[in-house]
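What follows is data.pdb (PDB, C-alpha atoms and all ligand atoms).
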```pdb
ATOM      1  CA  MET A  16     -16.401 -42.810   3.658
ATOM      2  CA  LEU A  17     -16.471 -39.935   6.178
ATOM      3  CA  GLY A  18     -20.207 -40.242   6.532
ATOM      4  CA  VAL A  19     -20.848 -36.846   4.927
ATOM      5  CA  SER A  20     -22.734 -36.191   1.726
ATOM      6  CA  ARG A  21     -21.209 -34.818  -1.495
ATOM      7  CA  THR A  22     -23.465 -31.785  -1.177
ATOM      8  CA  TYR A  23     -22.116 -31.066   2.305
ATOM      9  CA  VAL A  24     -18.503 -31.295   1.085
ATOM     10  CA  TRP A  25     -19.314 -29.114  -1.927
ATOM     11  CA  LYS A  26     -20.843 -26.453   0.343
ATOM     12  CA  LEU A  27     -17.745 -26.471   2.554
ATOM     13  CA  ILE A  28     -15.461 -26.131  -0.465
ATOM     14  CA  LYS A  29     -17.574 -23.246  -1.745
ATOM     15  CA  GLN A  30     -17.301 -21.504   1.635
ATOM     16  CA  LEU A  31     -13.522 -22.038   1.779
ATOM     17  CA  ARG A  32     -13.164 -20.615  -1.745
ATOM     18  CA  GLU A  33     -15.224 -17.573  -0.723
ATOM     19  CA  ASP A  34     -12.875 -17.171   2.249
ATOM     20  CA  GLY A  35      -9.913 -16.903  -0.105
ATOM     21  CA  PHE A  36      -8.590 -20.456  -0.260
ATOM     22  CA  THR A  37      -7.666 -21.760  -3.713
ATOM     23  CA  ILE A  38      -8.956 -25.300  -4.028
ATOM     24  CA  GLU A  39      -8.741 -27.438  -7.156
ATOM     25  CA  ALA A  40     -11.066 -30.315  -7.980
ATOM     26  CA  VAL A  41      -8.979 -33.443  -8.756
ATOM     27  CA  ARG A  42     -10.663 -36.073 -10.951
ATOM     28  CA  ASN A  43     -11.698 -39.219  -9.080
ATOM     29  CA  ARG A  44      -9.843 -38.069  -5.956
ATOM     30  CA  GLY A  45     -11.723 -35.085  -4.505
ATOM     31  CA  TYR A  46     -10.209 -31.671  -3.827
ATOM     32  CA  ARG A  47      -6.706 -30.279  -3.394
ATOM     33  CA  LEU A  48      -5.735 -27.145  -1.452
ATOM     34  CA  VAL A  49      -3.552 -25.107  -3.813
ATOM     35  CA  LYS A  50      -3.075 -22.032  -1.714
ATOM     36  CA  GLY A  51      -3.815 -21.632   1.984
ATOM     37  CA  THR A  52      -4.476 -18.105   3.075
ATOM     38  CA  LYS A  53      -4.102 -17.183   6.669
ATOM     39  CA  MET A  54      -7.119 -15.213   7.796
ATOM     40  CA  ILE A  55      -6.735 -11.712   9.146
ATOM     41  CA  SER A  56      -7.269 -11.812  12.890
ATOM     42  CA  LYS A  57      -7.736  -8.786  15.112
ATOM     43  CA  ASP A  58      -6.517 -10.634  18.223
ATOM     44  CA  GLU A  59      -3.378 -11.906  16.511
ATOM     45  CA  ILE A  60      -2.473  -8.480  15.166
ATOM     46  CA  ILE A  61      -2.949  -6.850  18.573
ATOM     47  CA  CYS A  62      -0.929  -9.569  20.253
ATOM     48  CA  LEU A  63       1.958  -9.314  17.751
ATOM     49  CA  ASN A  64       1.968  -5.514  17.561
ATOM     50  CA  GLU A  65       4.703  -4.035  19.765
ATOM     51  CA  ALA A  66       3.621  -0.419  19.221
ATOM     52  CA  GLY A  67       2.193   1.656  22.064
ATOM     53  CA  TYR A  68      -0.915   3.034  20.365
ATOM     54  CA  ILE A  69      -0.578   2.769  16.578
ATOM     55  CA  GLY A  70      -2.819  -0.074  15.411
ATOM     56  CA  LYS A  71      -3.609  -1.191  18.963
ATOM     57  CA  GLU A  72      -7.291  -0.613  18.290
ATOM     58  CA  ILE A  73      -8.439  -2.455  15.184
ATOM     59  CA  ILE A  74     -11.569  -3.030  13.175
ATOM     60  CA  VAL A  75     -11.368  -6.056  10.881
ATOM     61  CA  LEU A  76     -14.051  -6.056   8.184
ATOM     62  CA  ASP A  77     -15.230  -9.075   6.185
ATOM     63  CA  ASN A  78     -15.470  -6.770   3.201
ATOM     64  CA  VAL A  79     -15.782  -3.052   2.490
ATOM     65  CA  ASP A  80     -15.956  -0.624  -0.423
ATOM     66  CA  SER A  81     -12.753   1.163   0.547
ATOM     67  CA  THR A  82     -10.992   1.074   3.922
ATOM     68  CA  ASN A  83     -10.038   4.738   3.382
ATOM     69  CA  ASN A  84     -13.690   5.714   2.899
ATOM     70  CA  TYR A  85     -14.734   3.657   5.914
ATOM     71  CA  ALA A  86     -11.990   5.255   8.031
ATOM     72  CA  LYS A  87     -12.928   8.759   6.888
ATOM     73  CA  ARG A  88     -16.607   8.191   7.759
ATOM     74  CA  LEU A  89     -15.593   6.919  11.190
ATOM     75  CA  ALA A  90     -13.099   9.702  11.869
ATOM     76  CA  GLU A  91     -15.654  12.419  11.075
ATOM     77  CA  GLY A  92     -16.676  13.930  14.422
ATOM     78  CA  ASN A  93     -14.835  11.255  16.457
ATOM     79  CA  ASN A  94     -11.582  11.854  18.239
ATOM     80  CA  LEU A  95      -9.613   8.882  16.887
ATOM     81  CA  ASN A  96      -5.858   8.449  16.807
ATOM     82  CA  GLY A  97      -4.120   5.195  15.895
ATOM     83  CA  LEU A  98      -7.225   3.184  14.957
ATOM     84  CA  LEU A  99      -6.613   0.721  12.125
ATOM     85  CA  ILE A 100      -9.243  -0.573   9.689
ATOM     86  CA  VAL A 101      -8.302  -3.817   7.905
ATOM     87  CA  THR A 102      -9.857  -6.135   5.359
ATOM     88  CA  ASP A 103      -8.707  -8.711   2.836
ATOM     89  CA  ASP A 104     -11.764  -8.052   0.682
ATOM     90  CA  GLN A 105     -11.878  -4.470  -0.581
ATOM     91  CA  ARG A 106     -14.320  -4.005  -3.431
ATOM     92  CA  ALA A 107     -13.932  -0.386  -4.549
ATOM     93  CA  GLY A 108     -10.380   0.506  -3.567
ATOM     94  CA  LYS A 109      -9.071   3.947  -4.485
ATOM     95  CA  GLY A 110      -5.601   4.722  -5.813
ATOM     96  CA  ARG A 111      -3.629   7.926  -6.311
ATOM     97  CA  LEU A 112      -4.546  10.415  -9.030
ATOM     98  CA  GLY A 113      -8.144   9.144  -9.180
ATOM     99  CA  ARG A 114      -7.154   5.605 -10.157
ATOM    100  CA  THR A 115      -8.770   2.464  -8.813
ATOM    101  CA  TRP A 116      -6.952  -0.076  -6.653
ATOM    102  CA  ILE A 117      -7.778  -3.690  -7.322
ATOM    103  CA  SER A 118      -7.482  -6.303  -4.613
ATOM    104  CA  ARG A 119      -9.038  -9.750  -4.469
ATOM    105  CA  LYS A 120     -10.310 -11.579  -1.426
ATOM    106  CA  GLY A 121      -7.608 -13.512   0.363
ATOM    107  CA  ASP A 122      -4.899 -12.240  -1.972
ATOM    108  CA  SER A 123      -4.136  -8.931  -0.384
ATOM    109  CA  ILE A 124      -4.286  -6.653   2.613
ATOM    110  CA  ALA A 125      -6.152  -3.345   2.512
ATOM    111  CA  MET A 126      -5.762  -1.195   5.604
ATOM    112  CA  SER A 127      -6.246   2.397   6.674
ATOM    113  CA  LEU A 128      -4.784   4.071   9.718
ATOM    114  CA  ILE A 129      -6.503   7.071  11.293
ATOM    115  CA  LEU A 130      -4.156   9.677  12.787
ATOM    116  CA  LYS A 131      -4.573  13.058  14.414
ATOM    117  CA  PRO A 132      -1.098  14.560  14.086
ATOM    118  CA  LYS A 133      -0.243  17.998  15.436
ATOM    119  CA  ILE A 134       1.622  19.139  12.327
ATOM    120  CA  PRO A 135       0.965  21.793   9.664
ATOM    121  CA  PRO A 136      -1.158  20.419   6.783
ATOM    122  CA  GLU A 137       1.735  20.919   4.343
ATOM    123  CA  CYS A 138       3.714  18.261   6.255
ATOM    124  CA  VAL A 139       1.063  15.553   5.761
ATOM    125  CA  SER A 140       2.469  14.268   2.464
ATOM    126  CA  MET A 141       5.630  13.290   4.378
ATOM    127  CA  LEU A 142       3.612  10.703   6.308
ATOM    128  CA  THR A 143       3.203   8.782   3.067
ATOM    129  CA  LEU A 144       6.959   8.538   2.674
ATOM    130  CA  ILE A 145       7.375   7.439   6.286
ATOM    131  CA  ILE A 146       4.839   4.630   6.015
ATOM    132  CA  ALA A 147       6.416   3.583   2.702
ATOM    133  CA  VAL A 148       9.738   3.045   4.491
ATOM    134  CA  ALA A 149       7.982   1.194   7.348
ATOM    135  CA  VAL A 150       6.188  -1.126   4.909
ATOM    136  CA  ALA A 151       9.282  -1.753   2.770
ATOM    137  CA  GLU A 152      11.416  -2.521   5.823
ATOM    138  CA  SER A 153       8.740  -4.777   7.347
ATOM    139  CA  ILE A 154       8.422  -6.832   4.161
ATOM    140  CA  GLY A 155      12.217  -7.038   4.045
ATOM    141  CA  GLU A 156      12.395  -8.171   7.660
ATOM    142  CA  LEU A 157       9.767 -10.899   7.262
ATOM    143  CA  THR A 158      11.049 -12.263   3.961
ATOM    144  CA  GLY A 159      14.796 -11.756   4.406
ATOM    145  CA  GLU A 160      14.824 -10.178   0.911
ATOM    146  CA  GLY A 161      15.264  -6.523   1.887
ATOM    147  CA  GLU A 162      17.769  -5.895  -0.936
ATOM    148  CA  ARG A 163      15.088  -6.575  -3.558
ATOM    149  CA  ILE A 164      12.524  -4.203  -2.046
ATOM    150  CA  LYS A 165      12.577  -0.609  -3.299
ATOM    151  CA  ILE A 166      10.460   2.533  -3.201
ATOM    152  CA  LYS A 167       9.406   4.444  -6.289
ATOM    153  CA  TRP A 168       8.813   8.038  -5.184
ATOM    154  CA  PRO A 169       6.671   8.970  -3.501
ATOM    155  CA  ASN A 170       5.044   5.810  -2.270
ATOM    156  CA  ASP A 171       5.007   2.754  -4.511
ATOM    157  CA  ILE A 172       6.800  -0.265  -3.125
ATOM    158  CA  LEU A 173       8.385  -2.532  -5.685
ATOM    159  CA  ILE A 174       9.939  -5.963  -5.577
ATOM    160  CA  ASP A 175      12.278  -6.524  -8.521
ATOM    161  CA  GLY A 176      10.545  -3.678 -10.350
ATOM    162  CA  LYS A 177       6.940  -4.858  -9.833
ATOM    163  CA  LYS A 178       4.597  -2.782  -7.702
ATOM    164  CA  VAL A 179       3.386  -4.774  -4.701
ATOM    165  CA  VAL A 180       2.194  -1.938  -2.440
ATOM    166  CA  GLY A 181       0.308   1.303  -3.033
ATOM    167  CA  ILE A 182      -0.324   4.052  -0.498
ATOM    168  CA  LEU A 183      -3.012   6.720  -0.490
ATOM    169  CA  THR A 184      -3.015   9.413   2.200
ATOM    170  CA  GLU A 185      -6.093  11.578   2.638
ATOM    171  CA  LEU A 186      -6.375  14.692   4.748
ATOM    172  CA  SER A 187      -9.308  16.437   6.408
ATOM    173  CA  CYS A 188      -8.527  19.926   7.680
ATOM    174  CA  GLU A 189     -10.253  23.195   8.484
ATOM    175  CA  SER A 190      -8.588  26.614   8.406
ATOM    176  CA  MET A 191      -5.109  25.090   8.497
ATOM    177  CA  MET A 192      -6.001  22.764  11.412
ATOM    178  CA  ILE A 193      -5.896  19.018  10.784
ATOM    179  CA  ASN A 194      -9.050  17.129  11.763
ATOM    180  CA  HIS A 195      -7.604  13.777  10.826
ATOM    181  CA  VAL A 196      -5.378  11.994   8.342
ATOM    182  CA  VAL A 197      -6.161   8.592   6.846
ATOM    183  CA  ILE A 198      -3.202   6.603   5.513
ATOM    184  CA  GLY A 199      -4.359   3.760   3.275
ATOM    185  CA  VAL A 200      -2.010   0.914   2.398
ATOM    186  CA  GLY A 201      -2.786  -1.792  -0.149
ATOM    187  CA  ILE A 202      -0.447  -4.805  -0.155
ATOM    188  CA  ASN A 203      -0.566  -7.551  -2.772
ATOM    189  CA  THR A 204       0.448 -10.537  -0.700
ATOM    190  CA  GLU A 205      -0.541 -13.601  -2.700
ATOM    191  CA  CYS A 206      -2.059 -12.517  -6.064
ATOM    192  CA  ARG A 207      -0.697 -14.469  -9.009
ATOM    193  CA  ASP A 208      -2.605 -12.970 -11.912
ATOM    194  CA  PHE A 209      -3.531  -9.364 -12.543
ATOM    195  CA  PRO A 210      -5.884  -7.670 -15.006
ATOM    196  CA  GLU A 211      -4.228  -7.224 -18.402
ATOM    197  CA  GLU A 212      -3.877  -3.443 -18.111
ATOM    198  CA  ILE A 213      -1.643  -3.688 -15.019
ATOM    199  CA  ALA A 214      -0.112  -7.135 -15.570
ATOM    200  CA  THR A 215       3.283  -5.791 -16.705
ATOM    201  CA  LYS A 216       3.820  -3.577 -13.677
ATOM    202  CA  ALA A 217       1.920  -5.198 -10.781
ATOM    203  CA  GLY A 218       3.182  -8.043  -8.623
ATOM    204  CA  SER A 219       2.751  -9.612  -5.214
ATOM    205  CA  ILE A 220       5.078 -10.657  -2.424
ATOM    206  CA  TYR A 221       4.420 -14.327  -3.171
ATOM    207  CA  GLY A 222       4.609 -13.841  -6.929
ATOM    208  CA  GLN A 223       7.980 -12.096  -6.733
ATOM    209  CA  LEU A 224       9.654 -13.932  -3.868
ATOM    210  CA  GLY A 225       7.766 -17.218  -3.617
ATOM    211  CA  ILE A 226       7.200 -16.489   0.067
ATOM    212  CA  SER A 227       3.809 -16.393   1.808
ATOM    213  CA  VAL A 228       3.946 -13.873   4.622
ATOM    214  CA  ASP A 229       1.637 -14.110   7.609
ATOM    215  CA  PRO A 230      -0.678 -11.117   7.072
ATOM    216  CA  ASN A 231      -1.183 -10.621  10.815
ATOM    217  CA  LEU A 232       2.547 -10.514  11.500
ATOM    218  CA  LEU A 233       3.112  -8.205   8.545
ATOM    219  CA  ILE A 234       0.429  -5.753   9.694
ATOM    220  CA  ALA A 235       1.710  -5.842  13.299
ATOM    221  CA  THR A 236       5.319  -5.296  12.175
ATOM    222  CA  ILE A 237       4.341  -2.342   9.987
ATOM    223  CA  MET A 238       2.479  -0.742  12.908
ATOM    224  CA  SER A 239       5.446  -1.104  15.283
ATOM    225  CA  VAL A 240       8.043   0.125  12.782
ATOM    226  CA  PHE A 241       5.840   3.017  11.672
ATOM    227  CA  GLU A 242       5.201   4.171  15.251
ATOM    228  CA  GLY A 243       8.940   4.580  15.896
ATOM    229  CA  TYR A 244       9.421   6.797  12.825
ATOM    230  CA  TYR A 245       6.130   8.645  13.353
ATOM    231  CA  GLU A 246       7.064   9.709  16.891
ATOM    232  CA  THR A 247      10.393  11.124  15.686
ATOM    233  CA  PHE A 248       8.641  12.875  12.810
ATOM    234  CA  LEU A 249       6.085  14.532  15.147
ATOM    235  CA  GLU A 250       8.981  15.986  17.063
ATOM    236  CA  LYS A 251      11.142  17.086  14.084
ATOM    237  CA  LYS A 252       8.401  17.869  11.517
ATOM    238  CA  ASN A 253      10.742  17.027   8.654
ATOM    239  CA  LEU A 254      12.379  13.944   7.150
ATOM    240  CA  LEU A 255      16.011  14.728   7.844
ATOM    241  CA  PHE A 256      16.148  11.804  10.289
ATOM    242  CA  MET A 257      15.275   9.267   7.590
ATOM    243  CA  LEU A 258      16.749  10.876   4.488
ATOM    244  CA  GLU A 259      19.515   8.287   4.077
ATOM    245  CA  ARG A 260      17.148   5.422   4.791
ATOM    246  CA  TYR A 261      14.603   6.610   2.181
ATOM    247  CA  ASN A 262      17.164   7.529  -0.478
ATOM    248  CA  GLY A 263      18.931   4.220   0.155
ATOM    249  CA  ILE A 264      15.910   2.276  -1.041
ATOM    250  CA  LEU A 265      14.710   4.730  -3.692
ATOM    251  CA  VAL A 266      14.701   2.832  -6.979
ATOM    252  CA  ASN A 267      15.351   5.762  -9.316
ATOM    253  CA  VAL A 268      18.394   7.390  -7.678
ATOM    254  CA  GLY A 269      21.000   8.305 -10.276
ATOM    255  CA  LYS A 270      18.695   7.296 -13.143
ATOM    256  CA  TYR A 271      16.727   9.244 -15.726
ATOM    257  CA  VAL A 272      13.073   9.661 -14.781
ATOM    258  CA  LYS A 273      10.154  11.160 -16.578
ATOM    259  CA  ILE A 274       8.067  13.641 -14.580
ATOM    260  CA  MET A 275       4.501  13.784 -15.769
ATOM    261  CA  GLY A 276       2.121  16.491 -14.646
ATOM    262  CA  TYR A 277      -1.591  16.018 -15.046
ATOM    263  CA  ASP A 278      -4.604  18.262 -15.202
ATOM    264  CA  ALA A 279      -6.915  17.628 -12.293
ATOM    265  CA  GLY A 280     -10.215  16.261 -13.590
ATOM    266  CA  GLN A 281      -8.714  14.380 -16.543
ATOM    267  CA  THR A 282      -9.753  10.779 -17.024
ATOM    268  CA  GLN A 283      -7.060   8.131 -16.685
ATOM    269  CA  THR A 284      -7.198   7.425 -20.430
ATOM    270  CA  ASP A 285      -6.716  11.118 -21.236
ATOM    271  CA  ARG A 286      -3.840  11.254 -18.774
ATOM    272  CA  GLU A 287      -2.135   8.341 -20.485
ATOM    273  CA  LYS A 288      -2.669   9.941 -23.921
ATOM    274  CA  ASP A 289      -1.280  13.261 -22.706
ATOM    275  CA  SER A 290       1.627  11.910 -20.734
ATOM    276  CA  ASP A 291       4.131  11.952 -23.585
ATOM    277  CA  GLU A 292       3.467  15.600 -24.399
ATOM    278  CA  LYS A 293       3.482  16.898 -20.834
ATOM    279  CA  GLY A 294       6.366  14.942 -19.343
ATOM    280  CA  TYR A 295       9.982  16.029 -19.031
ATOM    281  CA  THR A 296      13.027  13.901 -18.268
ATOM    282  CA  ALA A 297      15.666  14.551 -15.645
ATOM    283  CA  VAL A 298      18.093  12.642 -13.453
ATOM    284  CA  CYS A 299      16.768  11.721 -10.022
ATOM    285  CA  ASN A 300      18.946  12.730  -7.068
ATOM    286  CA  GLY A 301      16.742  11.597  -4.171
ATOM    287  CA  ILE A 302      14.409  13.428  -1.788
ATOM    288  CA  ASP A 303      15.021  16.454   0.404
ATOM    289  CA  GLU A 304      13.976  16.894   4.050
ATOM    290  CA  MET A 305      10.453  17.900   3.003
ATOM    291  CA  GLY A 306       9.987  14.740   0.940
ATOM    292  CA  ARG A 307      10.268  16.533  -2.413
ATOM    293  CA  LEU A 308      12.057  14.823  -5.270
ATOM    294  CA  LEU A 309      15.212  16.565  -6.433
ATOM    295  CA  VAL A 310      16.022  16.165 -10.116
ATOM    296  CA  THR A 311      18.620  17.613 -12.481
ATOM    297  CA  GLY A 312      17.632  18.503 -16.043
ATOM    298  CA  ASP A 313      19.921  17.966 -19.068
ATOM    299  CA  ASP A 314      20.832  21.680 -18.944
ATOM    300  CA  GLY A 315      22.151  21.174 -15.399
ATOM    301  CA  SER A 316      19.255  22.986 -13.733
ATOM    302  CA  MET A 317      17.995  21.539 -10.450
ATOM    303  CA  LYS A 318      14.246  21.113 -10.012
ATOM    304  CA  THR A 319      12.149  20.190  -7.017
ATOM    305  CA  VAL A 320       9.147  17.977  -7.655
ATOM    306  CA  ILE A 321       6.204  17.999  -5.275
ATOM    307  CA  SER A 322       3.946  14.941  -5.092
ATOM    308  CA  GLY A 323       0.266  15.466  -5.818
ATOM    309  CA  GLU A 324      -0.742  15.766  -9.429
ATOM    310  CA  VAL A 325       2.543  14.319 -10.585
ATOM    311  CA  SER A 326       3.692  10.850 -11.512
ATOM    312  CA  VAL A 327       7.271   9.703 -11.974
ATOM    313  CA  ARG A 328       8.290   7.002 -14.435
ATOM    314  CA  GLY A 329      11.459   5.438 -15.681
ATOM    315  CA  ILE A 330      12.202   6.725 -19.184
ATOM    316  CA  ASP A 331      11.471   3.360 -20.816
ATOM    317  CA  GLY A 332       8.533   2.318 -18.694
ATOM    318  CA  TYR A 333       7.230   2.074 -15.176
ATOM    319  CA  VAL A 334      10.566   2.107 -13.291
TER     320      VAL A 334
HETATM  321  C1  LIG B 401      -1.862   3.878  -5.445
HETATM  322  O1  LIG B 401      -0.803   3.279  -5.609
HETATM  323  O2  LIG B 401      -2.415   4.456  -6.378
HETATM  324  C2  LIG B 401      -2.447   3.926  -4.070
HETATM  325  C3  LIG B 401      -3.255   2.704  -3.746
HETATM  326  C4  LIG B 401      -3.809   2.716  -2.337
HETATM  327  C5  LIG B 401      -4.694   1.535  -2.056
HETATM  328  C6  LIG B 401      -5.080   1.445  -0.611
HETATM  329  S1  LIG B 401      -5.849  -0.097  -0.237
HETATM  330  C7  LIG B 401      -6.317   0.503   1.318
HETATM  331  C8  LIG B 401      -6.761   1.913   1.135
HETATM  332  N1  LIG B 401      -8.151   2.008   0.751
HETATM  333  C9  LIG B 401      -8.305   2.498  -0.468
HETATM  334  O3  LIG B 401      -9.399   2.663  -1.037
HETATM  335  N2  LIG B 401      -7.120   2.777  -1.004
HETATM  336  C10 LIG B 401      -6.045   2.498  -0.095
END
```

How would this structure read if it were set down as structure tokens?
Ligand code: BTN
Amino acid sequence: MLGVSRTYVWKLIKQLREDGFTIEAVRNRGYRLVKGTKMISKDEIICLNEAGYIGKEIIVLDNVDSTNNYAKRLAEGNNLNGLLIVTDDQRAGKGRLGRTWISRKGDSIAMSLILKPKIPPECVSMLTLIIAVAVAESIGELTGEGERIKIKWPNDILIDGKKVVGILTELSCESMMINHVVIGVGINTECRDFPEEIATKAGSIYGQLGISVDPNLLIATIMSVFEGYYETFLEKKNLLFMLERYNGILVNVGKYVKIMGYDAGQTQTDREKDSDEKGYTAVCNGIDEMGRLLVTGDDGSMKTVISGEVSVRGIDGYV
């Protein structure tokens, strides 16, 4: 009827599917668009981003192994500050504690921000907490569902208990001088099904709230919100200025948590096997100005937990 061949239509559908659109074949009718994904656009992000320099220079990649690895390669020997690498098709994403991060084309945002902060290396882990607040608040602002968005220390963002965002910060430094920091953020925007092993704890913004956010607006909002906090942090070099904000959205406050320490070099399976033996439970009180988690043991003793080779769980499961 349109004067185009079936083969031509089929090729177009194939291309759209590769670009992240979900299209169903409907018997005797043709095709139906199930899920429309807005493409990531460098120009749109720049235009929407109200920050001064954070995320004002952007590289959008069709696909990449890991945006963190790409950013680290680029930052090596180059004087970069505020450059953002973005893709919606990351094929070998890295998570914390040597885990992998799975994202599917069109279903998620993977981005890495290169920074050159003038702070002591021991303050770098605080950047993870700052971006976590910026991401949580940005999702809240764009969806109007801020009350349902929480942080699980140090840097998982949850909606109604399901993890929708993961953050991985990597540092390059020489003799106590920072060369660069790469902050990687993975956001599940649209995903509706997850591999079995993470299906009980992973979720997406759409899956939890039934809202499709514009990825370009979300990225731009995160950049603007983060820049405000980052500037204050560079001046203060501690988190006192956002303590209430962070603790206000921390999911575990006042609850029992299990602190699990791991041996570096263990496989994930070994870590899971060992976790029961090595963990201890305590009540979570919130973070201090250095971003450490303060917990109280059953004997009343206060402990300070440093992120790194540690994972925090709820006593009955993930939260
Ligand atoms: C975690 O929760 O374990 C952290 C996940 C971090 C994933 C992001 S996606 C963008 C960036 N590139 C990576 O390879 N990892 C981070």

Separation of CA of Asp171 (chain A) from atom C6 of ligand LIG 401 (chain B), in Å and rounded to one decimal: 10.9 Å

Shell of 8 Å around region 200-204 of chain A, only C-alpha atoms, local chain residues under 5 positions omitted, as number ranges by chain: A: 116, 118, 122-127, 179-183, 218-221, 227-228, 230

Answer as an mmCIF file with C-alpha atoms, in the frame of the given file, residues within 7 Å of (2.1, -4.2, -10.5) using all atoms listed in the file:
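The new file part-v8.cif reads:
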```
data_model
loop_
_atom_site.group_PDB
_atom_site.id
_atom_site.type_symbol
_atom_site.label_atom_id
_atom_site.label_comp_id
_atom_site.auth_asym_id
_atom_site.auth_seq_id
_atom_site.Cartn_x
_atom_site.Cartn_y
_atom_site.Cartn_z
ATOM 1 C CA LYS A 177 6.940 -4.858 -9.833
ATOM 2 C CA LYS A 178 4.597 -2.782 -7.702
ATOM 3 C CA VAL A 179 3.386 -4.774 -4.701
ATOM 4 C CA ILE A 213 -1.643 -3.688 -15.019
ATOM 5 C CA ALA A 214 -0.112 -7.135 -15.570
ATOM 6 C CA THR A 215 3.283 -5.791 -16.705
ATOM 7 C CA LYS A 216 3.820 -3.577 -13.677
ATOM 8 C CA ALA A 217 1.920 -5.198 -10.781
ATOM 9 C CA GLY A 218 3.182 -8.043 -8.623
#
```

Residue with smallest distance to Gly199 (chain A) - pool A:Leu98, A:Leu128, A:Ile74, A:Ala66, counting all atoms listed in the file: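 Selected residue with least distance to Gly199 (chain A): A:Leu128.
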
Nearby residues (only C-alpha atoms) at most 10 Å from region 306-317 of chain A, same-chain spacing under 4 positions excluded, as number ranges by chain: A: 138, 140-145, 168-169, 253-255, 258, 261, 268-272, 274, 295-302, 321-322, 327

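Checking A:Ala107, A:Ile164, A:Leu89, A:Leu31 one by one against ligand LIG 401 (chain B), counting only C-alpha atoms and all ligand atoms, you find the shortest gap at A:Ala107.
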
Atom pair CA of Gly159 (chain A) / CA of Gln223 (chain A): separation (Å):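 So the two atoms, CA of Gly159 (chain A) and CA of Gln223 (chain A), lie 13.1 Å apart.
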
Atomic distance CA of Gly110 (chain A) - CA of Gly155 (chain A), expressed in Å with one decimal: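 Taking CA of Gly110 (chain A) and CA of Gly155 (chain A), their separation equals 23.5 Å.
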
Selection result for the PyMOL selection byres (((chain A and resi 148) around 9) and not hetatm) on this file, as a ChimeraX atom specification: /A:143-147,149-153,166,170,172,240-241,257,260-261,264

Would you compute the box with edges along x, y and z of the file around ligand LIG 401 (chain B), including every atom the file lists for it and 8 Å extra on each side, and give its centre and edge lengths in Å to one decimal, as JSON?
```
{"center_x": -5.1, "center_y": 2.2, "center_z": -2.5, "size_x": 24.6, "size_y": 20.6, "size_z": 23.7}
```

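Shortest atom-to-atom contact with ligand LIG 401 (chain B) among A:Val41, A:Leu95, A:Ala90, A:Ile100: A:Ile100, counting only C-alpha atoms and all ligand atoms.
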
Point (-17.6, -27.1, -2.9), cut-off 12 Å, counting all atoms listed in the file, residues as an MDAnalysis selection string: chainID A and resid 20:33 36:40 45:48

I need the chosen residues saved as a short mmCIF file (atom, residue, chain, number, x, y, z; two decimals), in the coordinates of the input, with C-alpha atoms.
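Wrote it out as again.cif, contents follow:
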```cif
data_model
loop_
_atom_site.label_atom_id
_atom_site.label_comp_id
_atom_site.auth_asym_id
_atom_site.auth_seq_id
_atom_site.Cartn_x
_atom_site.Cartn_y
_atom_site.Cartn_z
CA SER A 20 -22.73 -36.19 1.73
CA ARG A 21 -21.21 -34.82 -1.50
CA THR A 22 -23.46 -31.78 -1.18
CA TYR A 23 -22.12 -31.07 2.31
CA VAL A 24 -18.50 -31.30 1.08
CA TRP A 25 -19.31 -29.11 -1.93
CA LYS A 26 -20.84 -26.45 0.34
CA LEU A 27 -17.74 -26.47 2.55
CA ILE A 28 -15.46 -26.13 -0.46
CA LYS A 29 -17.57 -23.25 -1.74
CA GLN A 30 -17.30 -21.50 1.64
CA LEU A 31 -13.52 -22.04 1.78
CA ARG A 32 -13.16 -20.62 -1.74
CA GLU A 33 -15.22 -17.57 -0.72
CA PHE A 36 -8.59 -20.46 -0.26
CA THR A 37 -7.67 -21.76 -3.71
CA ILE A 38 -8.96 -25.30 -4.03
CA GLU A 39 -8.74 -27.44 -7.16
CA ALA A 40 -11.07 -30.32 -7.98
CA GLY A 45 -11.72 -35.08 -4.50
CA TYR A 46 -10.21 -31.67 -3.83
CA ARG A 47 -6.71 -30.28 -3.39
CA LEU A 48 -5.74 -27.14 -1.45
#
```

Which of A:Leu265, A:Met238, A:Ile117, A:Leu186 sits closest to ligand LIG 401 (chain B) [using all atoms listed in the file]: A:Ile117

Selected residue of minimal separation from Glu72 (chain A) among A:Ile193, A:Val19, A:Leu99, A:Ile60, counting only C-alpha atoms: A:Leu99

Resolved residues for the PyMOL selection byres (((chain A and resi 129-132) around 6) and not hetatm) as a VMD selection string: chain A and resid 96 to 98 128 133 to 134 195 to 197

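Each of A:Glu185, A:Lys120, A:Gly161, A:Arg44 was compared to Ala86 (chain A) using all atoms listed in the file, and A:Glu185 turns out to be the nearest.
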